[in-house]
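The data block below is model38.cif; it holds mmCIF, C-alpha atoms.
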```cif
data_coords
loop_
_atom_site.label_atom_id
_atom_site.label_comp_id
_atom_site.auth_asym_id
_atom_site.auth_seq_id
_atom_site.Cartn_x
_atom_site.Cartn_y
_atom_site.Cartn_z
CA MET H 20 53.14 -9.68 -15.35
CA SER H 21 52.65 -5.95 -15.88
CA ASN H 22 55.46 -3.44 -16.14
CA GLU H 23 54.85 -2.13 -12.63
CA GLU H 24 55.04 -5.60 -11.08
CA ALA H 25 58.19 -6.38 -13.03
CA TYR H 26 59.80 -3.12 -11.87
CA ILE H 27 58.97 -3.86 -8.22
CA SER H 28 60.20 -7.44 -8.55
CA ASN H 29 63.51 -6.34 -10.12
CA ARG H 30 64.04 -3.55 -7.61
CA PHE H 31 63.14 -5.30 -4.34
CA GLY H 32 63.16 -9.01 -5.15
CA LYS H 33 60.74 -11.70 -4.01
CA LYS H 34 61.79 -11.79 -0.36
CA ASN H 35 59.15 -11.01 2.27
CA HIS H 36 60.58 -8.18 4.36
CA PHE H 37 57.86 -8.38 7.03
CA THR H 38 58.72 -11.01 9.64
CA VAL H 39 57.69 -11.80 13.22
CA PRO H 40 60.41 -12.15 15.85
CA GLU H 41 61.21 -15.67 17.01
CA GLY H 42 58.95 -16.90 19.84
CA TYR H 43 56.63 -13.87 19.63
CA PHE H 44 53.35 -15.80 19.74
CA GLU H 45 54.59 -18.27 22.37
CA GLN H 46 55.27 -15.42 24.83
CA LEU H 47 52.29 -13.24 23.83
CA THR H 48 49.86 -14.64 26.40
CA GLU H 49 52.26 -14.16 29.32
CA ARG H 50 53.05 -10.59 28.31
CA VAL H 51 49.40 -9.61 27.97
CA MET H 52 48.45 -11.20 31.29
CA SER H 53 51.34 -9.46 33.05
CA ARG H 54 50.09 -6.06 31.90
CA LEU H 55 46.53 -6.56 33.19
CA PRO H 56 45.70 -5.03 36.59
CA GLU H 57 45.16 -7.30 39.55
CA THR H 58 41.54 -8.27 40.17
CA PRO H 59 39.99 -9.01 43.58
CA ALA H 60 40.10 -12.67 44.52
CA ASP H 61 36.48 -12.75 45.69
CA ALA H 62 33.78 -11.44 43.37
CA ASN H 63 31.49 -10.66 46.34
CA THR H 64 33.95 -8.12 47.75
CA ALA H 65 33.84 -6.01 44.63
CA THR H 66 31.54 -3.04 45.03
CA VAL H 67 29.24 -2.44 42.15
CA THR H 68 27.36 0.82 42.10
CA PRO H 69 24.14 0.67 40.08
CA LEU H 70 23.95 3.19 37.29
CA ARG H 71 21.07 5.64 37.42
CA PRO H 72 19.16 5.72 34.13
CA THR H 73 19.59 8.89 32.15
CA LEU H 74 16.77 11.36 31.67
CA MET H 75 16.34 10.36 28.03
CA ARG H 76 16.05 6.69 28.91
CA ARG H 77 13.38 7.47 31.53
CA LEU H 78 11.40 9.70 29.16
CA ARG H 79 11.60 7.40 26.13
CA PRO H 80 8.23 5.62 26.72
CA TRP H 81 6.47 8.95 27.27
CA LEU H 82 8.03 10.43 24.15
CA ALA H 83 6.93 7.44 22.09
CA ALA H 84 3.37 7.79 23.42
CA ALA H 85 3.39 11.51 22.62
CA CYS H 86 4.55 10.81 19.06
CA VAL H 87 1.79 8.26 18.52
CA ALA H 88 -0.79 10.70 19.92
CA ALA H 89 0.50 13.47 17.64
CA VAL H 90 0.26 11.23 14.58
CA ILE H 91 -3.31 10.23 15.47
CA ALA H 92 -4.32 13.85 16.10
CA GLY H 93 -2.72 15.04 12.87
CA THR H 94 -4.40 12.31 10.86
CA THR H 95 -7.78 13.14 12.39
CA VAL H 96 -7.41 16.84 11.57
CA TYR H 97 -6.33 16.03 8.02
CA ILE H 98 -9.28 13.70 7.44
CA ASN H 99 -11.78 16.14 8.95
CA ARG H 100 -10.52 18.96 6.74
CA SER H 101 -10.68 16.86 3.61
CA ILE H 102 -14.25 15.75 4.41
CA SER H 103 -15.62 19.21 4.94
CA THR H 104 -19.31 19.75 5.50
CA THR H 105 -21.01 22.20 3.16
CA HIS H 106 -22.73 25.22 4.56
CA PRO H 107 -25.74 26.96 2.99
CA GLN H 108 -23.56 29.91 2.00
CA ASP H 109 -21.22 27.52 0.18
CA GLU H 110 -24.13 25.99 -1.73
CA LEU H 111 -25.26 29.42 -2.92
CA ALA H 112 -21.74 30.29 -4.01
CA ASP H 113 -21.49 26.99 -5.88
CA ALA H 114 -24.86 27.63 -7.54
CA ASN H 115 -23.69 31.02 -8.84
CA VAL H 116 -20.53 29.49 -10.22
CA SER H 117 -22.41 26.64 -11.86
CA ASP H 118 -24.98 29.05 -13.40
CA THR H 119 -22.16 31.05 -14.93
CA TYR H 120 -20.62 27.88 -16.26
CA ILE H 121 -23.95 26.73 -17.71
CA ASP H 122 -24.50 30.10 -19.38
CA ASP H 123 -21.04 29.99 -20.94
CA ALA H 124 -21.60 26.41 -22.08
CA ALA H 125 -25.00 27.30 -23.60
CA ASP H 126 -23.46 30.22 -25.48
CA TYR H 127 -20.71 27.99 -26.80
CA VAL H 128 -23.14 25.32 -28.00
CA MET H 129 -25.51 28.02 -29.32
CA VAL H 130 -28.52 26.79 -27.38
CA ASP H 131 -31.12 29.30 -26.27
CA ASN H 132 -33.74 29.03 -23.50
CA GLN H 133 -36.43 27.68 -25.82
CA ASP H 134 -34.21 24.75 -26.84
CA ILE H 135 -33.38 23.97 -23.20
CA TYR H 136 -37.10 23.99 -22.25
CA ALA H 137 -37.93 21.74 -25.17
CA TYR H 138 -35.18 19.34 -24.19
CA LEU H 139 -36.36 19.22 -20.56
CA LEU H 140 -40.01 18.65 -21.57
CA ALA H 141 -39.01 15.83 -23.93
CA ASP H 142 -37.67 13.83 -20.96
CA MET H 143 -41.00 13.95 -19.12
#
```
Please express what this file holds, its structure, as structure tokens.
Amino acid sequence: MSNEEAYISNRFGKKNHFTVPEGYFEQLTERVMSRLPETPADANTATVTPLRPTLMRRLRPWLAAACVAAVIAGTTVYINRSISTTHPQDELADANVSDTYIDDAADYVMVDNQDIYAYLLADM
């Protein structure tokens, strides 16, 4: 036993101080039933008014359909932008960039035009 448990045991003892009054559970049902309001004897006489569905509950299927349509439209736009068609102006711009790259690469490797022509003719 730890020091704290020993202190509590010495100070308060082992007796359970929480008790239920005599006959509490035997009389519990009668007391609860006596506090309930009276109900109508016939269930058919009770008037039940139907609840009108809220605006959100009525719009829920339409909102779900709109979300699905938005996801499909967004996916289509994303795919169409990623698969872009090339235009003639884009091909010319790419050709200029690639020529510059080839020139820089040829300078780096120290290959001149004569060597490139000889290499191309060797493949024929």
_So the first atom is atom CA of Leu55 of chain H and the second is atom CA of Tyr43 of chain H; what is the distance between them in Å, to one decimal place?_
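That distance, rounded to one decimal, is 18.4 Å.
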_I'd like the interatomic distance between atom CA of Ala124 of chain H and atom CA of Tyr138 of chain H, to a tenth of an Å._
15.5 Å
_Interatomic distance, atom CA of Pro69 of chain H to atom CA of Leu82 of chain H (Å, one decimal)_ =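 These two atoms are separated by 24.7 Å.
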As AutoDock Vina command-line options: centre and edge lengths in Å, one decimal, of the axis-aligned box holding segment 81-95 of chain H with 6 Å per side:
```
--center_x 0.1 --center_y 11.2 --center_z 19.1 --size_x 27.8 --size_y 19.6 --size_z 28.4
```
